[in-house]
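Input: a single structure, listed below in structure tokens.
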Amino acid sequence: MVGLVVVSHSRALARAAVGLAAEMIRGAAVPIEVAAGLDDTAFGTDAVAITEAVAAADRGDGVVVLMDLGSAVLSAELALELLADDLRDRVVLCPGPLVEGLLAAAVAAAGGAGRDEVAAEADAGLAGKRSQLGVPVTDAPDTGGGNGDGPSATVTVLNRHGLHARPAARLVTLARSFDAEVRVRNAETGSPWVPASSLSRIATLGVLHGHRMQVRASGPQARAAVEGIVALAGRAFDETEPASAEPEGPAAQGRAASPGIAIGPARHLSSAPLDIPDLPARGPAQERQRIDDALASVRQDLEKLRAGAGSIFDAHLLLLDDADLLTEVRSRIDAGEAAPPAWAAATARVAGEFEALADPYLKARAADVRAVADQMLRALLGVPAAVTRGSGVLIAADLTPAEAAALDPVRVAGVLLALGSPTAHSAILLRTRGIPAVVGAGPAALEVADGTPVALDGGTGEVLVAPSEAALAALRERARGQAARREQAAGRASAPAVTRDGVRVAVGANVGSAAEARAAAEHGADLIGLIRTEFLFLDRDAAPEVEEQEAAWREIAQALGGRRITVRTLDVGGDKPLRYLPAPVEQNPFLGVRGLRYTLRHPGLLADQLLAVVRVARDVPVSLMFPMVSTVDEVVHARRMLDEAVAREGGGEPAGLQVGIMVEVPAAALKAAAFAPYVDFLSIGTNDLTQYALAAERGNPALAALADGLDPGVLRLIEAVCRGAGERVTVAVCGELAGDEAAVPLLTGLGVRELSVAPRSVPAIKEAVRATDLATAAALTRVALEMPDAAAVRALLDGPG
Ligand code: PEP
Ligand code: MG
């Protein structure tokens with residue numbers, strides 16, 4: 001290895017520079033000697049001391065000498081004269097800058113570069129600074145357009161300060177460890193390609209937080225190099241954020257997704273062992289197709305995750321395209337194996353190969369391989385991902401609705417998601433189930449080691465990792481305050497919610513099962529404002545018969561003891577597919593055939609639902625609600641089908657049957673007056689209305705802050721609905737905004753007279769109604785509608801008064 005000597009007038013300066021370089025190479029054994037100062041404090045340089053330092057730094061590969069200025073250079077030249085001939089031939093006096101040059105030289109030497117390359121790196125040490133300051137970098141050789149057809153990848157740099165010296169040094173070290181020529185460029189700025197082996201050249205790329213960096217390689221280990229760098233970028237180049245000097249402060253801030261305080265050890269989502277059934281293969285063509293289908297579905301999931309978390313999942317995606325792996329899987333299938341065992345065996349082989357490598361970073365790739373292998377097997381076998389073992393705060397990248405539904409609230413004190421959004425269906429489920437949750441906390445959440453104490457407040461989005469005793473005590477105090485308020489609210493939950501100025505606002509519950517309806521009744525719900533009937537239709541192989549549907553709604557009605565229930569017709573499509581009536585693939589299913597559009601195209605399905613509703617409505621008050629309505633025509637059509645169901649059942653229209661639509665499409669909100677003659681009520685689905693109004697997909701964690709129902713644009717749509725509804729038609733809100741206590745004055749101020757929320761939120765929302773004075777609320781609303789964005793509205797609501 002090439003040795004380095006630092007010649008300076010100041011010993012303190014030289015030592016500090018060596019300290020900085022040591023940070024860059026993280027313990028790599030680069031010999032660095034100091035010949036600086038006459039003693040610890042006196043400035044000066046000494047040729048003899050330099051010869052001794054050179055001799056000590058030389059391991060046979062030569063020495064690069066870095067100097068500060070003036071007599072330091074003269075002393076180094078004199079020292080060169082004093083050296084024995086053979087050693088002198090191995091020494092390079094480098095004109096590069098002392099500090100920057102030393103850092104670049106140390107990284108290059110640690111990576112095994114020869115002395116001329118080390119000296120050239122040091123010499124180019126100012127390139128990064130020049131580039132940063134906009135001074136042209138004149139001495140950079142043209143490196144062309146990269147490495148042609150070699151393997152390539154694009155990573156997103158997660159590090160808060162971008163690819164600064166330390167993470168760049170990790171990149172150089174790793175790139176140099178392969179028998180490959182690796183180049184990188186900043187895709188964001190369209191920079192030229194530079195060698196990944198050069199710290200000084202990487203510094204010219206100006207890679208900032210969130211920038212995408214392209215990586216290309218050629219040579220025998222090109223693929224391993226690219227994969228290794230993708231994995232390294234996914235780990236934020238192994239840079240740990242410095243511990244906060246303020247231990248009481250939040251370690252992370254996510255989005256409040258389900259209220260409540262959770263304290264407990266971190267528990268990562270772990271996979272229960274998957275049993276691969278010993279079933280005969282159905283033939284190579286079918287088994288290959290199974291692999292292809294599973295690959296497509298896992299790829300889609302990973303791409304969604306990547307959209308929110310950047311390059312963490314790049315390495316996983318790369319594996320799905322790994323030609324070597326797929327060839328083995330397919331040849332096993334051709335030899336008679338079924339898809340699951342073929343996939344399991346091939347991935348076990350690849351994971352084993354990574355496991356056997358000495359390099360710790362490549363070794364860690366085995367975990368990536370196993371994660372993808374597991375995900376694929378679950379897709380192949382239709383087994384949902386397993387949940388956490390042990391009690392505590394569950395940490396995961398994201399949860400599917402199925403996973404959220406499977407959590408055991410006794411063991412899962414709270415949920416912390418790196419991705420996710422408060423209006424995603426998994427977050428709705430967590431709220432319904434009373435599991436405190438913070439979502440969208442960023443990829444750092446995934447780095448929290450299993451067992452680390454974690455505390456979160458699902459009402460504020462605050463997350464504390466390894467909190468101090470004082471912080472914990474404060475949080476427990478807050479939890480006690482919340483519990484006291486909850487108790488007070490629970491004490492009068494079944495009383496009506498009446499505003500200070502005497503207006504009754506019905507507070508109902510959104511449910512997706514009879515058990516939730518029972519919970520709603522326990523929490524004092526005045527009605528069921530939304531039954532998401534999908535629960536009866538999803539995850540099965542055929543649609544339920546009319547009798548089964550009727551029984552399900554009767555069970556819910558019974559739980560409510562005769563209070564009104566609102567049955568929404570099937571709302572599938574979008575993010576809720578039906579297995580037995582597969583929808584054609586759509587470019588954008590949220591803008592596709594979903595909700596009422598879907599059921600009108602499957603009239604048999606809709607007719608059965610209407611019949612079940614009519615039968616139940618004979619005995620209890622039922623509101624029938626159509627989702628995702630865009631035009632009056634659709635309502636007229638659906639009402640005609642309802643008339644047919646009534647006629648089929650006989651006995652005329654049930655007295656307690658009301659008909660309404662969900663207002664989820666901005667156009668429908670603006671046309672509320674046109675719908676009013678055809679309905680008894682309008683129920684605003686703010687989850688979808690917000691996503692369509694702001695063009696921000698509700699489940700996309702990258703847009704979670706944007707997709708806020710308090711955006712004045714959304715509030716104006718709600719205002720339009722209230723204005724268009726007129727006196728006779730009730731306006732309800734059943735989207736998640738109704739369960740946001742802060743939003744209650746605005747919604748009621750705009751004219752909303754029914755709120756339907758998660759069962760557990762009923763008591764608190766009733767309290768919020770009781771605290772509202774409608775005249776004040778109306779004035780507040782006028783101000784809110786003039787605000788520029790949701791953040792400003794939230795600030796207004798949090799403000800004095
Ligand atoms: C909504 O869109 O606000 C709504 C209540 O419907 P869902 O969340 O089921 O789409
Ligand atoms: Mg909706």
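By convention in this document, the chains of the structure tokens carry letters A, B, ... by their order, each chain's residues are numbered from 1, and ligands are numbered from 1 in the order they are shown.
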
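Residues of protein, DNA or RNA lying at most 7 Å from ligand 2, when only C-alpha atoms and all ligand atoms are considered, are A:Pro627, A:Met628, A:Glu664, A:Gly685, A:Asn687, A:Asp688.
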
Could you give me the residues within stretch 525-757 of chain A that DSSP places in alpha helix (DSSP H), as JSON, numbers by chain?
{"A": [534, 535, 536, 537, 546, 547, 548, 549, 550, 551, 552, 553, 554, 555, 556, 557, 558, 559, 596, 597, 598, 599, 600, 601, 603, 604, 605, 606, 607, 608, 609, 610, 611, 612, 613, 614, 615, 616, 617, 632, 633, 634, 635, 636, 637, 638, 639, 640, 641, 642, 643, 644, 645, 646, 647, 648, 649, 666, 667, 668, 669, 670, 672, 673, 674, 675, 686, 687, 688, 689, 690, 691, 692, 693, 712, 713, 714, 715, 716, 717, 718, 719, 720, 721, 722, 723, 724, 725, 744, 745, 746, 747, 748, 749, 750]}

Expected answer as a PyMOL selection string: residues within 8 Å of ligand 1, only C-alpha atoms and all ligand atoms
chain A and resi 423-425+428+530+532+571+627+662+664+684-689+733-736

Tell me, as a list in words, which residues lie within 9 Å of A:Arg15, counting only C-alpha atoms; anything in the same chain fewer than 4 positions away does not count.
Val6, Ser10, Arg11, Gly19, Leu20, Val34 and Ala36 of chain A

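Distance check against A:Asp301 using only C-alpha atoms: of A:Ala379, A:Thr452, A:Ala169, A:Ala607, the minimum falls on A:Ala379.
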
I'd like the neighbourhood of stretch 500-502 of chain A as a list of chain:residue names, where a residue qualifies if any of its atoms comes within 10 Å (using only C-alpha atoms), though same-chain residues fewer than 6 positions away should be ignored.
A:Val769, A:Arg770, A:Ala771, A:Thr772, A:Asp773, A:Leu774, A:Ala775

Residues from the last selection, C-alpha atoms, saved as a PDB file, in the first residue's frame:
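Written out: part.pdb:
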ATOM      1  CA  VAL A 769     -68.806  19.256  18.022  1.00  0.00           C
ATOM      2  CA  ARG A 770     -69.838  20.227  21.566  1.00  0.00           C
ATOM      3  CA  ALA A 771     -66.926  22.666  21.711  1.00  0.00           C
ATOM      4  CA  THR A 772     -67.977  24.348  18.451  1.00  0.00           C
ATOM      5  CA  ASP A 773     -69.939  27.548  18.130  1.00  0.00           C
ATOM      6  CA  LEU A 774     -71.314  27.603  14.582  1.00  0.00           C
ATOM      7  CA  ALA A 775     -71.295  31.387  14.214  1.00  0.00           C
TER       8      ALA A 775
END

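The shortest atom-to-atom distance to A:Arg411, with only C-alpha atoms taken into account, belongs to A:Pro265 out of A:Ala515, A:Leu746, A:Ala559, A:Pro265.
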
What's around A:Gln132 at 9 Å? Count only C-alpha atoms, leave out sequence neighbours fewer than 5 positions away in its own chain, and write the answer as a VMD selection string.
chain A and resid 127 203 to 206

Distance query A:Arg794 at most 10 Å, only C-alpha atoms, self and fewer than 5 positions along chain excluded, as a list in words:
Leu710, Asp711, Ala742, Ala743, Ala784, Asp789 and Gly799 of chain A

If you keep N, CA, C and O atoms, can you produce a file of those selected residues as a PDB file, in the first residue's frame?
ATOM      1  N   LEU A 710     -57.522  19.415   4.305  1.00  0.00           N
ATOM      2  CA  LEU A 710     -57.732  20.798   4.748  1.00  0.00           C
ATOM      3  C   LEU A 710     -57.215  21.812   3.728  1.00  0.00           C
ATOM      4  O   LEU A 710     -57.239  23.014   3.977  1.00  0.00           O
ATOM      5  N   ASP A 711     -56.749  21.329   2.596  1.00  0.00           N
ATOM      6  CA  ASP A 711     -56.350  22.271   1.551  1.00  0.00           C
ATOM      7  C   ASP A 711     -57.575  23.139   1.194  1.00  0.00           C
ATOM      8  O   ASP A 711     -58.682  22.616   1.015  1.00  0.00           O
ATOM      9  N   ALA A 742     -59.481  18.753  14.565  1.00  0.00           N
ATOM     10  CA  ALA A 742     -59.218  20.147  14.172  1.00  0.00           C
ATOM     11  C   ALA A 742     -60.145  20.594  13.048  1.00  0.00           C
ATOM     12  O   ALA A 742     -60.425  21.779  12.887  1.00  0.00           O
ATOM     13  N   ALA A 743     -60.614  19.623  12.234  1.00  0.00           N
ATOM     14  CA  ALA A 743     -61.424  19.983  11.066  1.00  0.00           C
ATOM     15  C   ALA A 743     -62.897  20.195  11.415  1.00  0.00           C
ATOM     16  O   ALA A 743     -63.654  20.740  10.605  1.00  0.00           O
ATOM     17  N   ALA A 784     -60.385  30.555   6.400  1.00  0.00           N
ATOM     18  CA  ALA A 784     -59.672  29.359   5.912  1.00  0.00           C
ATOM     19  C   ALA A 784     -59.751  29.248   4.394  1.00  0.00           C
ATOM     20  O   ALA A 784     -58.783  28.867   3.734  1.00  0.00           O
ATOM     21  N   ASP A 789     -52.832  27.211   1.485  1.00  0.00           N
ATOM     22  CA  ASP A 789     -52.635  25.755   1.504  1.00  0.00           C
ATOM     23  C   ASP A 789     -53.062  25.160   2.849  1.00  0.00           C
ATOM     24  O   ASP A 789     -53.435  25.876   3.780  1.00  0.00           O
ATOM     25  N   GLY A 799     -54.033  28.101  16.042  1.00  0.00           N
ATOM     26  CA  GLY A 799     -53.741  29.419  16.606  1.00  0.00           C
ATOM     27  C   GLY A 799     -54.594  29.743  17.811  1.00  0.00           C
ATOM     28  O   GLY A 799     -55.452  28.949  18.207  1.00  0.00           O
TER      29      GLY A 799
END

So that I can see what lies close to A:Ala122, please list as a ChimeraX atom specification the residues with an atom at most 8 Å from it, counting only C-alpha atoms and leaving out residues fewer than 3 positions away in the same chain.
/A:94,96-97,100-105,118-119,125,200

Output of the above residues as a PDB file, in the first residue's frame, restricted to C-alpha atoms:
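Contents of again_17.pdb, freshly written:
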ATOM      1  CA  CYS A  94       2.786  16.176  -4.641  1.00  0.00           C
ATOM      2  CA  GLY A  96      -1.816  19.104  -4.365  1.00  0.00           C
ATOM      3  CA  PRO A  97      -3.471  21.020  -1.501  1.00  0.00           C
ATOM      4  CA  GLU A 100      -8.151  18.191   0.458  1.00  0.00           C
ATOM      5  CA  GLY A 101      -5.231  16.404  -1.218  1.00  0.00           C
ATOM      6  CA  LEU A 102      -4.541  14.309   1.846  1.00  0.00           C
ATOM      7  CA  LEU A 103      -8.167  13.162   2.101  1.00  0.00           C
ATOM      8  CA  ALA A 104      -8.323  12.195  -1.562  1.00  0.00           C
ATOM      9  CA  ALA A 105      -4.918  10.505  -1.399  1.00  0.00           C
ATOM     10  CA  VAL A 118      -2.600   8.512  -5.383  1.00  0.00           C
ATOM     11  CA  ALA A 119      -0.567  11.606  -6.227  1.00  0.00           C
ATOM     12  CA  GLY A 125      -8.073  17.568  -4.599  1.00  0.00           C
ATOM     13  CA  SER A 200     -11.799  14.281  -6.095  1.00  0.00           C
TER      14      SER A 200
END

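Here atom CA of A:Ala281 and atom CA of A:Ala346 stand 16.4 Å from one another.
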
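Distances from A:Gly604, A:Pro496, A:Gly112, A:Gly656 to A:Pro621 were compared using only C-alpha atoms, and the smallest one belongs to A:Gly656.
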